[in-house]
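**Student:** My file is target_6.cif. It has mmCIF, C-alpha atoms and all ligand atoms:
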data_structure
loop_
_atom_site.label_atom_id
_atom_site.label_comp_id
_atom_site.auth_asym_id
_atom_site.auth_seq_id
_atom_site.Cartn_x
_atom_site.Cartn_y
_atom_site.Cartn_z
CA MET L 28 -7.87 -29.99 6.61
CA LEU L 29 -6.62 -31.66 9.77
CA ILE L 30 -4.17 -34.13 8.23
CA PRO L 31 -0.77 -32.44 8.07
CA ASP L 32 1.20 -32.18 4.82
CA ASP L 33 4.29 -34.39 4.52
CA PHE L 34 3.56 -36.11 7.80
CA HIS L 35 5.69 -38.50 9.82
CA ALA L 36 3.23 -40.68 11.74
CA LEU L 37 3.30 -43.07 14.68
CA VAL L 38 0.57 -45.66 15.18
CA VAL L 39 0.32 -46.94 18.74
CA GLY L 40 -1.51 -50.26 19.06
CA SER L 41 -0.61 -51.23 15.48
CA SER L 42 -1.18 -54.90 16.35
CA GLY L 43 -4.93 -54.33 16.66
CA ALA L 44 -7.58 -54.36 13.93
CA LEU L 45 -7.99 -50.59 13.80
CA GLY L 46 -4.32 -49.86 14.50
CA GLY L 47 -3.25 -52.13 11.65
CA ALA L 48 -5.74 -50.50 9.30
CA PHE L 49 -4.41 -47.04 10.24
CA VAL L 50 -0.85 -48.15 9.40
CA LYS L 51 -2.03 -49.45 6.01
CA HIS L 52 -4.13 -46.43 5.03
CA LEU L 53 -1.67 -43.81 6.27
CA ARG L 54 1.08 -45.46 4.21
CA MET L 55 -1.16 -45.15 1.13
CA ASP L 56 -1.70 -41.40 1.69
CA ARG L 57 0.21 -39.19 -0.75
CA ARG L 58 1.28 -36.89 2.12
CA CYS L 59 2.90 -39.73 4.07
CA GLN L 60 6.65 -39.56 4.68
CA SER L 61 6.84 -42.36 7.23
CA VAL L 62 4.69 -44.47 9.56
CA SER L 63 6.30 -45.97 12.66
CA GLU L 64 4.59 -48.63 14.75
CA LEU L 65 4.47 -49.19 18.48
CA SER L 66 2.63 -51.93 20.30
CA ARG L 67 2.91 -54.51 23.05
CA THR L 68 4.90 -56.76 20.72
CA THR L 69 7.28 -54.24 19.09
CA ASN L 70 10.73 -53.53 20.48
CA PRO L 71 10.58 -51.29 22.45
CA GLY L 72 7.02 -52.11 23.48
CA PHE L 73 4.84 -51.07 26.38
CA ASP L 74 2.08 -52.44 28.55
CA LEU L 75 -0.74 -50.06 29.35
CA SER L 76 -1.52 -51.96 32.51
CA ARG L 77 1.85 -50.70 33.84
CA PRO L 78 1.71 -47.00 32.96
CA GLU L 79 4.50 -46.11 35.38
CA ASP L 80 7.04 -47.81 33.07
CA PHE L 81 6.92 -45.48 30.06
CA SER L 82 9.77 -43.10 30.95
CA ASP L 83 12.41 -45.29 29.26
CA LEU L 84 10.32 -45.90 26.13
CA LEU L 85 11.79 -42.98 24.20
CA LYS L 86 15.35 -44.24 24.56
CA GLY L 87 14.65 -47.22 22.30
CA LEU L 88 12.25 -45.54 19.85
CA GLU L 89 13.68 -44.72 16.46
CA MET L 90 11.72 -42.41 14.21
CA PRO L 91 13.01 -40.68 11.08
CA ALA L 92 11.74 -37.21 12.03
CA ALA L 93 9.53 -35.29 14.45
CA LEU L 94 5.96 -36.59 14.40
CA SER L 95 3.03 -34.56 13.14
CA LEU L 96 0.42 -37.35 13.19
CA ILE L 97 -0.06 -39.78 16.07
CA VAL L 98 -2.80 -42.40 16.25
CA ASP L 99 -3.36 -44.33 19.46
CA ALA L 100 -5.61 -47.29 18.63
CA THR L 101 -5.12 -49.20 21.88
CA GLY L 102 -7.94 -50.19 24.18
CA ALA L 103 -9.61 -53.10 25.93
CA LEU L 104 -13.20 -54.06 26.67
CA SER L 105 -12.80 -57.45 28.39
CA LEU L 106 -10.23 -57.55 31.16
CA LEU L 107 -9.18 -60.21 33.67
CA GLY L 108 -11.34 -62.65 31.73
CA LEU L 109 -14.41 -60.55 32.50
CA GLY L 110 -16.67 -58.97 29.91
CA PRO L 111 -18.50 -55.66 30.36
CA GLU L 112 -20.61 -55.48 33.53
CA LYS L 113 -24.40 -55.64 33.18
CA SER L 114 -25.21 -54.91 36.81
CA LEU L 115 -23.92 -53.01 39.85
CA ARG L 116 -23.87 -56.35 41.68
CA THR L 117 -21.10 -57.65 39.42
CA LEU L 118 -18.69 -54.69 39.82
CA LYS L 119 -15.13 -55.66 40.70
CA ALA L 120 -12.60 -53.10 41.90
CA ALA L 121 -9.75 -54.82 40.03
CA GLN L 122 -11.66 -54.70 36.71
CA LEU L 123 -12.61 -51.04 37.17
CA ARG L 124 -9.02 -50.09 38.05
CA LEU L 125 -7.47 -52.00 35.19
CA ALA L 126 -9.88 -50.47 32.66
CA MET L 127 -8.81 -47.03 33.89
CA ASP L 128 -5.13 -47.95 33.45
CA VAL L 129 -5.53 -49.48 29.99
CA ASN L 130 -8.09 -47.11 28.47
CA ALA L 131 -7.39 -43.76 30.17
CA ILE L 132 -4.33 -43.46 32.41
CA GLY L 133 -2.00 -45.53 30.21
CA PRO L 134 -2.75 -43.71 26.93
CA MET L 135 -2.39 -40.29 28.56
CA LEU L 136 0.95 -41.15 30.20
CA LEU L 137 2.08 -42.59 26.89
CA LEU L 138 1.17 -39.32 25.14
CA SER L 139 3.06 -37.44 27.84
CA ALA L 140 6.14 -39.66 27.27
CA LEU L 141 5.90 -39.15 23.49
CA MET L 142 5.67 -35.33 23.60
CA PRO L 143 9.44 -34.81 22.99
CA CYS L 144 9.04 -36.67 19.64
CA ILE L 145 6.21 -34.44 18.41
CA LYS L 146 6.59 -31.30 16.28
CA ARG L 147 6.34 -28.19 18.43
CA SER L 148 4.71 -25.93 15.86
CA GLY L 149 2.53 -26.17 12.78
CA ARG L 150 -0.19 -28.71 12.09
CA VAL L 151 -0.11 -31.67 14.44
CA LEU L 152 -2.91 -34.21 14.72
CA TYR L 153 -3.34 -36.63 17.63
CA ILE L 154 -6.12 -39.20 17.14
CA LYS L 155 -7.10 -41.37 20.11
CA LEU L 156 -9.58 -44.19 19.63
CA SER L 157 -12.30 -43.53 22.16
CA ALA L 158 -15.88 -44.91 22.05
CA ARG L 159 -19.39 -43.50 21.83
CA VAL L 160 -20.25 -45.40 25.00
CA GLY L 161 -17.88 -42.99 26.81
CA SER L 162 -20.39 -40.19 26.17
CA ILE L 163 -22.34 -39.45 29.37
CA SER L 164 -25.14 -37.69 27.50
CA ASP L 165 -25.46 -40.57 25.01
CA ASN L 166 -25.73 -43.24 27.73
CA HIS L 167 -29.32 -44.48 27.40
CA LYS L 168 -28.76 -48.14 28.23
CA GLY L 169 -26.51 -48.17 31.33
CA GLY L 170 -24.16 -51.04 32.18
CA TRP L 171 -20.59 -51.48 30.86
CA TYR L 172 -19.33 -49.63 33.94
CA SER L 173 -15.59 -50.08 33.55
CA TYR L 174 -15.42 -49.53 29.78
CA ARG L 175 -17.84 -46.58 29.73
CA SER L 176 -16.25 -44.81 32.69
CA SER L 177 -12.67 -45.33 31.47
CA LYS L 178 -13.57 -43.88 28.04
CA ALA L 179 -15.38 -40.93 29.70
CA ALA L 180 -12.25 -40.30 31.82
CA LEU L 181 -10.13 -40.57 28.67
CA ASN L 182 -12.34 -38.01 26.91
CA MET L 183 -11.97 -35.54 29.77
CA MET L 184 -8.19 -35.88 29.72
CA LEU L 185 -8.13 -35.46 25.92
CA GLN L 186 -10.00 -32.17 26.30
CA SER L 187 -7.52 -30.96 28.94
CA ALA L 188 -4.56 -32.07 26.83
CA ALA L 189 -5.93 -30.27 23.76
CA LEU L 190 -6.43 -27.00 25.63
CA GLU L 191 -2.95 -27.19 27.18
CA TRP L 192 -1.27 -28.12 23.89
CA GLN L 193 -2.99 -25.32 21.97
CA ARG L 194 -1.49 -22.71 24.33
CA THR L 195 1.92 -23.43 22.82
CA ASN L 196 0.79 -24.70 19.41
CA PRO L 197 -2.63 -23.38 18.31
CA ALA L 198 -2.50 -25.69 15.27
CA ALA L 199 -2.41 -28.88 17.41
CA GLN L 200 -5.64 -30.85 17.12
CA VAL L 201 -6.86 -33.66 19.35
CA ILE L 202 -9.54 -36.10 18.16
CA ALA L 203 -11.47 -38.57 20.34
CA LEU L 204 -12.58 -41.00 17.62
CA GLN L 205 -15.55 -43.36 17.65
CA PRO L 206 -14.68 -45.88 14.91
CA GLY L 207 -18.18 -47.35 14.52
CA THR L 208 -18.89 -50.96 15.39
CA VAL L 209 -15.91 -52.80 13.92
CA TYR L 210 -15.24 -56.52 13.89
CA SER L 211 -12.09 -57.10 15.99
CA ARG L 212 -10.69 -59.16 18.86
CA LEU L 213 -12.12 -56.54 21.23
CA SER L 214 -15.65 -56.59 19.85
CA LYS L 215 -16.22 -60.04 18.32
CA ASP L 216 -17.76 -61.66 21.38
CA PHE L 217 -20.34 -58.87 21.64
CA LEU L 218 -21.55 -58.75 18.04
CA HIS L 219 -24.85 -60.50 17.34
CA ALA L 220 -26.13 -61.85 14.06
CA SER L 221 -28.25 -58.70 13.73
CA THR L 222 -25.42 -56.24 14.53
CA THR L 223 -24.44 -53.98 11.67
CA TYR L 224 -20.71 -53.50 11.65
CA VAL L 225 -18.01 -52.17 9.37
CA THR L 226 -14.57 -53.60 8.69
CA ALA L 227 -11.53 -51.92 10.19
CA ASP L 228 -10.50 -50.89 6.66
CA GLU L 229 -13.86 -49.23 5.96
CA SER L 230 -13.82 -47.46 9.31
CA VAL L 231 -10.29 -46.08 8.95
CA GLN L 232 -10.66 -45.09 5.29
CA SER L 233 -13.83 -43.20 6.11
CA ALA L 234 -12.35 -41.65 9.27
CA LEU L 235 -9.27 -40.31 7.46
CA LEU L 236 -11.43 -38.72 4.74
CA ALA L 237 -13.82 -37.25 7.32
CA LEU L 238 -11.08 -35.91 9.61
CA ASP L 239 -9.48 -34.13 6.70
CA LYS L 240 -12.70 -32.17 6.20
CA LEU L 241 -13.03 -31.04 9.84
CA GLN L 242 -12.24 -27.48 10.86
CA VAL L 243 -9.51 -26.61 13.36
CA LYS L 244 -11.16 -26.06 16.76
CA THR L 245 -10.23 -25.00 20.25
CA GLY L 246 -10.21 -28.04 22.54
CA ALA L 247 -10.65 -31.66 21.54
CA GLN L 248 -13.28 -32.92 19.09
CA PHE L 249 -15.33 -36.08 19.80
CA VAL L 250 -16.40 -37.43 16.41
CA ASP L 251 -17.40 -40.66 14.73
CA TYR L 252 -15.68 -42.23 11.72
CA ARG L 253 -17.93 -40.25 9.40
CA GLY L 254 -16.88 -36.97 11.02
CA LYS L 255 -20.18 -36.48 12.86
CA SER L 256 -19.82 -34.76 16.21
CA ILE L 257 -20.77 -36.76 19.35
CA PRO L 258 -21.94 -34.94 22.49
CA TRP L 259 -19.57 -35.43 25.43
N1 LIG G 301 -14.12 -52.55 17.57
C1 LIG G 301 -15.11 -51.73 17.87
O1 LIG G 301 -16.30 -51.98 17.53
C2 LIG G 301 -14.84 -50.47 18.64
C3 LIG G 301 -15.92 -49.58 18.92
C4 LIG G 301 -15.68 -48.42 19.63
C5 LIG G 301 -14.39 -48.11 20.04
N2 LIG G 301 -13.35 -48.97 19.75
C6 LIG G 301 -12.01 -48.61 20.23
O2 LIG G 301 -11.06 -48.75 19.20
C7 LIG G 301 -9.77 -49.09 19.74
C8 LIG G 301 -9.17 -50.26 18.99
O3 LIG G 301 -9.99 -51.39 19.11
P1 LIG G 301 -9.95 -52.63 18.11
O4 LIG G 301 -11.36 -52.92 17.81
O5 LIG G 301 -8.98 -52.39 17.00
O6 LIG G 301 -9.43 -53.77 19.10
P2 LIG G 301 -8.21 -54.80 18.98
O7 LIG G 301 -8.10 -55.34 17.63
O8 LIG G 301 -8.44 -55.74 20.12
O9 LIG G 301 -6.92 -53.87 19.29
C9 LIG G 301 -6.65 -53.40 20.57
C10 LIG G 301 -5.23 -52.87 20.62
O10 LIG G 301 -4.98 -52.43 21.98
C11 LIG G 301 -3.78 -53.07 22.43
N3 LIG G 301 -3.79 -53.31 23.86
C12 LIG G 301 -4.80 -53.83 24.61
N4 LIG G 301 -4.41 -53.93 25.89
C13 LIG G 301 -3.13 -53.46 25.95
C14 LIG G 301 -2.18 -53.32 26.98
N5 LIG G 301 -2.44 -53.67 28.25
N6 LIG G 301 -0.98 -52.78 26.68
C15 LIG G 301 -0.67 -52.44 25.40
N7 LIG G 301 -1.53 -52.55 24.38
C16 LIG G 301 -2.74 -53.06 24.65
C17 LIG G 301 -3.76 -54.41 21.69
O11 LIG G 301 -2.46 -54.95 21.77
P3 LIG G 301 -2.22 -56.54 21.63
O12 LIG G 301 -2.31 -56.85 20.15
O13 LIG G 301 -0.84 -56.73 22.18
O14 LIG G 301 -3.29 -57.23 22.43
C18 LIG G 301 -4.17 -53.94 20.30
O15 LIG G 301 -3.09 -53.32 19.64
C19 LIG G 301 -10.00 -49.32 21.25
O16 LIG G 301 -9.67 -48.13 21.95
C20 LIG G 301 -11.51 -49.53 21.34
O17 LIG G 301 -12.02 -49.16 22.60
C21 LIG G 301 -13.54 -50.13 19.06
#
When written as structure tokens, how does the structure in this file appear?
**Tutor:**
Amino acid sequence: MLIPDDFHALVVGSSGALGGAFVKHLRMDRRCQSVSELSRTTNPGFDLSRPEDFSDLLKGLEMPAALSLIVDATGALSLLGLGPEKSLRTLKAAQLRLAMDVNAIGPMLLLSALMPCIKRSGRVLYIKLSARVGSISDNHKGGWYSYRSSKAALNMMLQSAALEWQRTNPAAQVIALQPGTVYSRLSKDFLHASTTYVTADESVQSALLALDKLQVKTGAQFVDYRGKSIPW
């Protein structure tokens, strides 16, 4: 049972397909007390490509109570008008750097900025949308340098954050979530007629049920939307 009772939740990236579906399904959960939203277009908002700007974010954030469930559903695959790299020859420093900011550095600094709003004891669940392609041991195809490496870096930082957090709150749980292949702005240009995908609603509904069945563990857990563990 990872989902806390009587939770106050925050969904970061609520403007996205998966973020919006998390807002909807969390609000339908009988344990839900409130769901706040934060995205590039809310006020206050934030831009992950400028992670040094988050220190003032808390001043404008209004939440009814301390958070016990946080979902960060932000992320980007295509950046600077460039899709995922197929070859070493096409690597661009700016694309690699920006992917790190948006997919790894930004979300971790955002979590750091949000810590004062999070419950200090008892069950707390932080879910960060990661991606299976961030698994080094599962990389059998290569390519996608910036997206893969930024998600792998994210995963490493999630593990460190979980271990640090659990020293002061052993009930805090950190999930690196692979949502499945989901039709969204991020993915639509890379889905082929033969690709099997799920809707954001199906992914989130399944993920919330599966996460609730997971056991509390030391460190972060890298799982898919059906609750199946993914090797780092
Ligand atoms: N869709 C899939 O098949 C799939 C598969 C594996 C993993 N994932 C992961 O799932 C997460 C959500 O993806 P999605 O499919 O729901 O994509 P999406 O619909 O494109 O949503 C992406 C979200 O990230 C936000 N975002 C992007 N760049 C940002 C920036 N610089 N600053 C602030 N916010 C930014 C977007 O905000 P705006 O609305 O302002 O652009 C939006 O809220 C991502 O982490 C992705 O890597 C998705």
**Student:** What do you get as a PyMOL selection string if you pick all residues at most 6 Å from ligand LIG 301 (chain G), counting only C-alpha atoms and all ligand atoms?
**Tutor:** chain L and resi 40-46+66-68+73-76+100-103+129+156-158+205-214
**Student:** In Å, rounded to a single decimal, give me how far CA of Met28 (chain L) is from CA of Met90 (chain L).
**Tutor:** 24.4 Å
**Student:** Quote the spacing between CA of Ala120 (chain L) and CA of Ser173 (chain L) in Å to one decimal place.
**Tutor:**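 For CA of Ala120 (chain L) relative to CA of Ser173 (chain L), the distance reads 9.4 Å.
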**Student:** Please determine, counting all atoms listed in the file, which residue among L:Arg124, L:Arg159, L:His219, L:Lys86 has the shortest atom-to-atom distance to Leu204 (chain L).
**Tutor:**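 Nearest candidate to Leu204 (chain L) out of L:Arg124, L:Arg159, L:His219, L:Lys86: L:Arg159.
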**Student:** Please list, as a PyMOL selection string, the residues that have an atom at most 12 Å away from (-11.7, -40.4, 6.5) in the coordinates of this file, counting all atoms listed in the file.
**Tutor:** chain L and resi 28-30+49+52-53+56+204+206+228-241+250-255
**Student:** Can I get a file of region 64-89 of chain L from the given structure, N, CA and C atoms kept, as an mmCIF file, in the first residue's frame?
**Tutor:**
data_model
loop_
_atom_site.group_PDB
_atom_site.id
_atom_site.type_symbol
_atom_site.label_atom_id
_atom_site.label_comp_id
_atom_site.auth_asym_id
_atom_site.auth_seq_id
_atom_site.Cartn_x
_atom_site.Cartn_y
_atom_site.Cartn_z
ATOM 1 N N GLU L 64 -2.180 21.712 -8.818
ATOM 2 C CA GLU L 64 -1.508 21.543 -10.116
ATOM 3 C C GLU L 64 -0.414 22.586 -10.277
ATOM 4 N N LEU L 65 0.651 22.165 -10.938
ATOM 5 C CA LEU L 65 1.758 23.075 -11.229
ATOM 6 C C LEU L 65 2.279 22.733 -12.613
ATOM 7 N N SER L 66 2.399 23.742 -13.457
ATOM 8 C CA SER L 66 2.974 23.487 -14.778
ATOM 9 C C SER L 66 3.525 24.795 -15.339
ATOM 10 N N ARG L 67 4.040 24.716 -16.567
ATOM 11 C CA ARG L 67 4.598 25.903 -17.198
ATOM 12 C C ARG L 67 3.577 27.022 -17.313
ATOM 13 N N THR L 68 2.291 26.647 -17.388
ATOM 14 C CA THR L 68 1.266 27.671 -17.644
ATOM 15 C C THR L 68 0.470 28.058 -16.399
ATOM 16 N N THR L 69 0.738 27.445 -15.239
ATOM 17 C CA THR L 69 0.026 27.862 -14.024
ATOM 18 C C THR L 69 0.721 29.107 -13.458
ATOM 19 N N ASN L 70 0.095 29.716 -12.469
ATOM 20 C CA ASN L 70 0.708 30.863 -11.813
ATOM 21 C C ASN L 70 0.781 30.579 -10.310
ATOM 22 N N PRO L 71 1.955 30.397 -9.704
ATOM 23 C CA PRO L 71 3.269 30.452 -10.339
ATOM 24 C C PRO L 71 3.489 29.253 -11.260
ATOM 25 N N GLY L 72 4.395 29.426 -12.204
ATOM 26 C CA GLY L 72 4.792 28.313 -13.075
ATOM 27 C C GLY L 72 6.293 28.111 -12.964
ATOM 28 N N PHE L 73 6.853 27.380 -13.862
ATOM 29 C CA PHE L 73 8.300 27.137 -13.823
ATOM 30 C C PHE L 73 8.722 26.666 -15.203
ATOM 31 N N ASP L 74 9.976 26.845 -15.522
ATOM 32 C CA ASP L 74 10.504 26.317 -16.776
ATOM 33 C C ASP L 74 11.713 25.452 -16.445
ATOM 34 N N LEU L 75 11.596 24.183 -16.768
ATOM 35 C CA LEU L 75 12.671 23.242 -16.419
ATOM 36 C C LEU L 75 13.983 23.554 -17.134
ATOM 37 N N SER L 76 13.898 24.301 -18.213
ATOM 38 C CA SER L 76 15.140 24.634 -18.904
ATOM 39 C C SER L 76 15.892 25.754 -18.174
ATOM 40 N N ARG L 77 15.261 26.306 -17.093
ATOM 41 C CA ARG L 77 15.960 27.296 -16.270
ATOM 42 C C ARG L 77 15.885 26.856 -14.812
ATOM 43 N N PRO L 78 16.556 25.765 -14.465
ATOM 44 C CA PRO L 78 16.387 25.184 -13.132
ATOM 45 C C PRO L 78 16.937 26.051 -12.004
ATOM 46 N N GLU L 79 17.701 27.090 -12.350
ATOM 47 C CA GLU L 79 18.229 27.950 -11.277
ATOM 48 C C GLU L 79 17.167 28.909 -10.741
ATOM 49 N N ASP L 80 15.981 28.930 -11.356
ATOM 50 C CA ASP L 80 14.964 29.928 -10.980
ATOM 51 C C ASP L 80 13.917 29.425 -9.978
ATOM 52 N N PHE L 81 14.098 28.249 -9.403
ATOM 53 C CA PHE L 81 12.990 27.658 -8.634
ATOM 54 C C PHE L 81 12.876 28.166 -7.193
ATOM 55 N N SER L 82 13.896 28.907 -6.708
ATOM 56 C CA SER L 82 13.899 29.230 -5.276
ATOM 57 C C SER L 82 12.683 30.068 -4.862
ATOM 58 N N ASP L 83 12.150 30.887 -5.801
ATOM 59 C CA ASP L 83 11.013 31.741 -5.428
ATOM 60 C C ASP L 83 9.664 31.055 -5.629
ATOM 61 N N LEU L 84 9.686 29.840 -6.186
ATOM 62 C CA LEU L 84 8.448 29.165 -6.563
ATOM 63 C C LEU L 84 7.504 29.001 -5.364
ATOM 64 N N LEU L 85 8.089 28.633 -4.222
ATOM 65 C CA LEU L 85 7.267 28.327 -3.052
ATOM 66 C C LEU L 85 6.470 29.526 -2.560
ATOM 67 N N LYS L 86 7.022 30.719 -2.773
ATOM 68 C CA LYS L 86 6.352 31.925 -2.260
ATOM 69 C C LYS L 86 4.948 32.056 -2.843
ATOM 70 N N GLY L 87 4.787 31.683 -4.115
ATOM 71 C CA GLY L 87 3.485 31.862 -4.756
ATOM 72 C C GLY L 87 2.605 30.623 -4.730
ATOM 73 N N LEU L 88 3.130 29.511 -4.228
ATOM 74 C CA LEU L 88 2.351 28.257 -4.261
ATOM 75 C C LEU L 88 1.391 28.190 -3.088
ATOM 76 N N GLU L 89 0.119 27.929 -3.392
ATOM 77 C CA GLU L 89 -0.836 27.793 -2.286
ATOM 78 C C GLU L 89 -1.394 26.390 -2.281
#
